[in-house]
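To keep things clear, I will list the structure first and then write my remarks on it.
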Amino acid sequence: MADITKIGTFIQSSPHPAWLATAQGHCVYVNPALERLTGLNSEETEQADWRSFLCEEDRGPATASWQGSLTAGAPYRVRVSIRGIDGIATIVDLIAVGHKVDDGTELWLFIGLVIDAASQEQTPSRVPQLQATLNVIPAYAWYALPSGALAFLNERTADYVGLPKDHPLRFGIDTGAAWDSHIPLLHPDDHEDSRRVWSTCLRTGCAGEVTFRVRNGEGGYRWFLSRAEPLLTSDGTVLYWVGVNLDIDDAKRAEQALQRSEAYLAEAERLSRTGSWAWSPVSDNRHYSEECYRVLGFAPGDGTPPPLETVIQRVHPEDQAQCREQVEKAIRDKGDFELHYRIVHPDKRVRNIHCVGHSILDGSGDLVEFVGTVIDVTERKSAEREREKLRLVEADLAHTNRVSTLGEMAASLAHEIKQPIAAAITSANSCIEWLAHEPPNLDRARAAAARIDKYGNRAAEIIDRIRSFYKKSLPQRELVDVNGIILEILTLLDGEANRSSVAVRTELAADLPEIMADRVQLQQVFMNLILNAIEAMRDEGGELTVKSQRQDGQLLFSVIDTGPGLPVGGVDEIFSAFFTTKPQGSGMGLAISRSIVESHGGRLWAAANDGRGATFNFTLPTQVTESSPLVGLNASRMT
Ligand code: ADP
């Protein structure tokens, strides 16, 4: 508001006719000099449109200059005639400048000042007037001599660049400076542009505009839009160059930040082969990002984005119908859509595309447009196919490992099965005998029959377990009780342990939670580790301990033996495929076990015991979320 008071005082005391008007053109204040010139009193001028002071034929050009100035934010100057009290028109120069009043209302005020054209050459009287005008306006303003040398900076500009209070440029004193004396005030990167524009202005005598960064008193820079206008004498020669610098720093920085984030986005789109698009089925307005063009096989930025039908023509003929149908359905339902299709590039390359569209509705629920993405998923698809192949190969390998393990154990498994069958036969014989008694001893016969049932079931159970080992199946996750699996495997390997004089001990944590895992795969891991431990102790016997416990939110399993320990220097190698120290060994057991554990998100490692033997540990997370194929079969021994 201080500004308005200052401007008011300035206008009132001005010897030149002057007014203050709103951005709509209505006068807020008219000074006595103007009232004298026009013969109007303050009641007549209040709220009057300033253009009513002009002769009718000049109102159009004056309005055009004024509107131009409103958009450019620069002062304007126009030669017009004002009809005086005596009916005689006076030719005057109208100089006006608009500025925003900083009272939160975004009100623009224009100061209009008229100078008798005939008095223009009286430069000395105009200079103080010009300096006063430039000092009063809340803008960065300056003027330069016809040579181009900077002659005056208004207070705001001089304070910004940190000029001393007594600097000649604050008073418009000609220092004989060069035409480009202002250049050192600018950012070095902007020197070239500024020189070019300024020298063109000086050469042609025409107004010019340039954006540059001006250094402030502290050495920092802000962006300005600078516009220079020539102030001409009646014979058309340049009297002064008057300029206004608009502070556009915030807008410029916002624009730069936007450009940067657009560049990041374009880079991210390029790396991820994801294009973005928007399409309005109502107006057929289309926007494609650069990557969208590339993904769809068009050259980026070659004119307007191709229409939907042109894109569909690029789609593989077998996929075109479903694309059309789904897009039409999404338009009908005003809903989202998702398409998988192949696109045939002009060079006949076929690419797999995944397209997602999201509908945007207006306030009344009508469809405005779709926005979405197109992703080239060709590599991902072929990787998925390779992963699937790998899964099958690995499942085959794991199966082979199970079958060969069972083959190794054939003798002891036969013994395992024979035992309950022999016990069942014995019980059957005693049952027959108890029935043959006179009278038959039914209680004993019933007890014998119950034993037959028990032994029969036991034999069936063993056969079932062996069968599940032989079965060829793809990995499958279910909730499993790992302690239960350990006990099952120990039962199966009981005969093996006995034959090798190995005493078996378990230390199983009672509070082990069930986890999502592949039952057969976990059986296979325990089978491999326990069998290896038994084999290691085959010659001298020993003790096998299987432990389960919770540790750091995970499950930790350990298979501990008292055998000869790990091969010297081979602690890491034992996990390589085909590494074996056994005459009949395949060297696949540990490699497959590690893959299985890792595919469950766990870790398997071996360590030498303090005393005799080795310990094989593995962890399993309690939350196994995603099923992944067996990974990382290390085949370093194959080469
Ligand atoms: P294979 O049992 O067919 O040899 P594995 O991958 O199961 O294949 O084991 C690789 C090698 O690791 C074995 O040949 C053996 O040298 C070593 N190994 C495995 N378990 C033990 C163990 N408990 N004690 C000592 N060495 C072991």
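For the structure tokens, the naming scheme is as follows: chains receive sequential letters (A, B, ...) according to their order of presentation, residues are indexed from 1 within each chain, and ligands are indexed from 1 in presentation order.
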Inset, instruction - as a PyMOL selection string, list the residues of range 531-590 of chain A assigned to strand (DSSP E) by DSSP on the backbone atoms of this structure. - result: chain A and resi 542-551+554-560
Neighbour list for range 401-417 of chain A as a compact mmCIF listing (two decimals) with N, CA and C atoms, in the first residue's frame, cut-off 7 Å, only C-alpha atoms, skip fewer than 2 positions in-chain:
```txt
# COMPACT_ATOMS: atom_id res chain seq x y z
N LEU A 397 15.90 -83.14 -12.55
CA LEU A 397 17.16 -83.44 -11.89
C LEU A 397 16.93 -83.87 -10.43
N ALA A 398 16.04 -83.11 -9.78
CA ALA A 398 15.74 -83.42 -8.38
C ALA A 398 15.12 -84.81 -8.29
N HIS A 399 14.26 -85.11 -9.28
CA HIS A 399 13.62 -86.43 -9.29
C HIS A 399 14.66 -87.53 -9.46
N GLN A 419 9.96 -105.72 7.63
CA GLN A 419 9.80 -105.83 9.09
C GLN A 419 8.34 -105.78 9.53
N PRO A 420 7.57 -104.73 9.20
CA PRO A 420 6.17 -104.72 9.64
C PRO A 420 5.36 -105.85 9.00
N ILE A 421 5.76 -106.24 7.75
CA ILE A 421 4.99 -107.33 7.12
C ILE A 421 5.22 -108.63 7.90
N ALA A 459 3.52 -100.58 7.11
CA ALA A 459 4.14 -100.95 5.82
C ALA A 459 3.60 -100.05 4.71
N ILE A 462 5.17 -96.61 4.82
CA ILE A 462 6.54 -96.56 4.26
C ILE A 462 6.48 -96.58 2.74
N PHE A 469 8.46 -90.10 -3.13
CA PHE A 469 9.81 -89.79 -3.57
C PHE A 469 10.01 -90.11 -5.04
N TYR A 470 9.36 -91.20 -5.46
CA TYR A 470 9.52 -91.61 -6.86
C TYR A 470 8.71 -90.73 -7.79
N GLY A 495 16.85 -98.12 9.13
CA GLY A 495 17.59 -99.33 8.76
C GLY A 495 19.02 -98.97 8.36
N GLU A 496 19.15 -97.90 7.53
CA GLU A 496 20.47 -97.45 7.08
C GLU A 496 21.36 -97.13 8.27
N GLN A 524 13.54 -84.20 0.58
CA GLN A 524 14.73 -84.52 -0.19
C GLN A 524 15.98 -83.91 0.47
N MET A 588 25.41 -84.72 -6.75
CA MET A 588 24.29 -83.78 -6.98
C MET A 588 23.53 -83.45 -5.71
N GLY A 589 23.67 -84.28 -4.68
CA GLY A 589 22.83 -84.15 -3.48
C GLY A 589 22.89 -82.76 -2.85
```
What are the closest atom pairs, with distances in Å to one decimal, for all residues of chain A lying within 6 Å of ligand 1? Consider only C-alpha atoms and all ligand atoms, order rows by chain and residue number, and present the result as CSV.
```
residue,atom,partner,partner_atom_place_in_ligand_line,distance
A:Asn528,CA,ligand 1,7 (O),6.0
A:Asn532,CA,ligand 1,20 (N),4.5
A:Ala533,CA,ligand 1,23 (N),3.9
A:Ala536,CA,ligand 1,24 (N),5.1
A:Gly565,CA,ligand 1,25 (C),4.6
A:Leu566,CA,ligand 1,25 (C),4.1
A:Pro567,CA,ligand 1,16 (O),5.7
A:Ile574,CA,ligand 1,12 (O),4.3
A:Phe579,CA,ligand 1,10 (C),5.4
A:Thr580,CA,ligand 1,14 (O),3.4
A:Thr581,CA,ligand 1,14 (O),3.9
A:Lys582,CA,ligand 1,14 (O),5.1
A:Gly585,CA,ligand 1,3 (O),3.4
A:Ser586,CA,ligand 1,3 (O),3.9
A:Gly587,CA,ligand 1,8 (O),3.3
A:Met588,CA,ligand 1,6 (O),4.4
A:Gly589,CA,ligand 1,7 (O),3.6
A:Leu590,CA,ligand 1,6 (O),3.7
A:Ala591,CA,ligand 1,6 (O),5.7
A:Ala614,CA,ligand 1,24 (N),5.4
```
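Reported to one decimal place, the separation of CA of Ser42 in chain A from CA of Ile95 in chain A is 21.7 Å.
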Inset, instruction - With a distance cut-off of 10 Å and only C-alpha atoms, select the neighbouring residues of Leu522 in chain A, excluding the residue or stretch itself and same-chain residues fewer than 4 positions from it, and output the selection as a ChimeraX atom specification. - result: /A:480,482,485-486,517-518,526-528,593,596-597,600
Legend entry - Residue contacts of Phe212 in chain A (7 Å, only C-alpha atoms) excluding same-chain residues fewer than 2 positions away, as a PyMOL selection string: chain A and resi 186+190+210+214+223-225
Can I get the selected residues back with all heavy atoms, as a tab-separated table (two decimals), in the first residue's frame?
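Result went into selection00.tsv, see below:
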```tsv
chain	number	residue	atom	x	y	z
A	186	LEU	N	25.64	-9.86	-15.56
A	186	LEU	CA	24.85	-11.05	-15.93
A	186	LEU	C	25.64	-12.34	-15.73
A	186	LEU	O	26.87	-12.33	-15.66
A	186	LEU	CB	24.42	-10.95	-17.40
A	186	LEU	CG	23.76	-9.63	-17.82
A	186	LEU	CD1	23.35	-9.71	-19.29
A	186	LEU	CD2	22.55	-9.34	-16.94
A	190	ASP	N	24.87	-16.30	-19.97
A	190	ASP	CA	23.86	-15.50	-20.66
A	190	ASP	C	24.47	-14.33	-21.43
A	190	ASP	O	23.74	-13.57	-22.08
A	190	ASP	CB	22.83	-14.96	-19.65
A	190	ASP	CG	22.16	-16.09	-18.87
A	190	ASP	OD1	22.07	-17.20	-19.43
A	190	ASP	OD2	21.77	-15.87	-17.71
A	210	VAL	N	14.89	-10.33	-23.89
A	210	VAL	CA	15.83	-11.43	-23.64
A	210	VAL	C	15.66	-11.89	-22.19
A	210	VAL	O	15.28	-11.10	-21.33
A	210	VAL	CB	17.29	-10.98	-23.94
A	210	VAL	CG1	17.73	-9.87	-23.01
A	210	VAL	CG2	18.27	-12.13	-23.86
A	214	VAL	N	20.60	-12.18	-13.50
A	214	VAL	CA	21.33	-10.99	-13.03
A	214	VAL	C	21.88	-11.31	-11.64
A	214	VAL	O	21.17	-11.88	-10.80
A	214	VAL	CB	20.40	-9.76	-12.95
A	214	VAL	CG1	21.20	-8.53	-12.54
A	214	VAL	CG2	19.71	-9.53	-14.29
A	223	TRP	N	16.59	-15.14	-12.34
A	223	TRP	CA	16.21	-15.02	-13.76
A	223	TRP	C	15.30	-13.81	-13.97
A	223	TRP	O	14.40	-13.57	-13.16
A	223	TRP	CB	15.45	-16.28	-14.20
A	223	TRP	CG	16.33	-17.43	-14.53
A	223	TRP	CD1	16.63	-18.49	-13.73
A	223	TRP	CD2	17.01	-17.65	-15.77
A	223	TRP	NE1	17.46	-19.36	-14.38
A	223	TRP	CE2	17.72	-18.87	-15.64
A	223	TRP	CE3	17.12	-16.95	-16.96
A	223	TRP	CZ2	18.50	-19.40	-16.65
A	223	TRP	CZ3	17.90	-17.48	-17.99
A	223	TRP	CH2	18.58	-18.68	-17.83
A	224	PHE	N	15.52	-13.07	-15.05
A	224	PHE	CA	14.66	-11.93	-15.40
A	224	PHE	C	14.29	-12.00	-16.88
A	224	PHE	O	15.08	-12.50	-17.69
A	224	PHE	CB	15.40	-10.61	-15.16
A	224	PHE	CG	15.58	-10.29	-13.70
A	224	PHE	CD1	16.69	-10.75	-13.02
A	224	PHE	CD2	14.62	-9.56	-13.02
A	224	PHE	CE1	16.86	-10.48	-11.68
A	224	PHE	CE2	14.79	-9.27	-11.68
A	224	PHE	CZ	15.90	-9.73	-10.99
A	225	LEU	N	13.09	-11.49	-17.16
A	225	LEU	CA	12.74	-11.26	-18.56
A	225	LEU	C	12.93	-9.77	-18.76
A	225	LEU	O	12.28	-8.95	-18.10
A	225	LEU	CB	11.28	-11.64	-18.82
A	225	LEU	CG	10.70	-11.17	-20.14
A	225	LEU	CD1	11.36	-11.89	-21.30
A	225	LEU	CD2	9.20	-11.41	-20.19
```
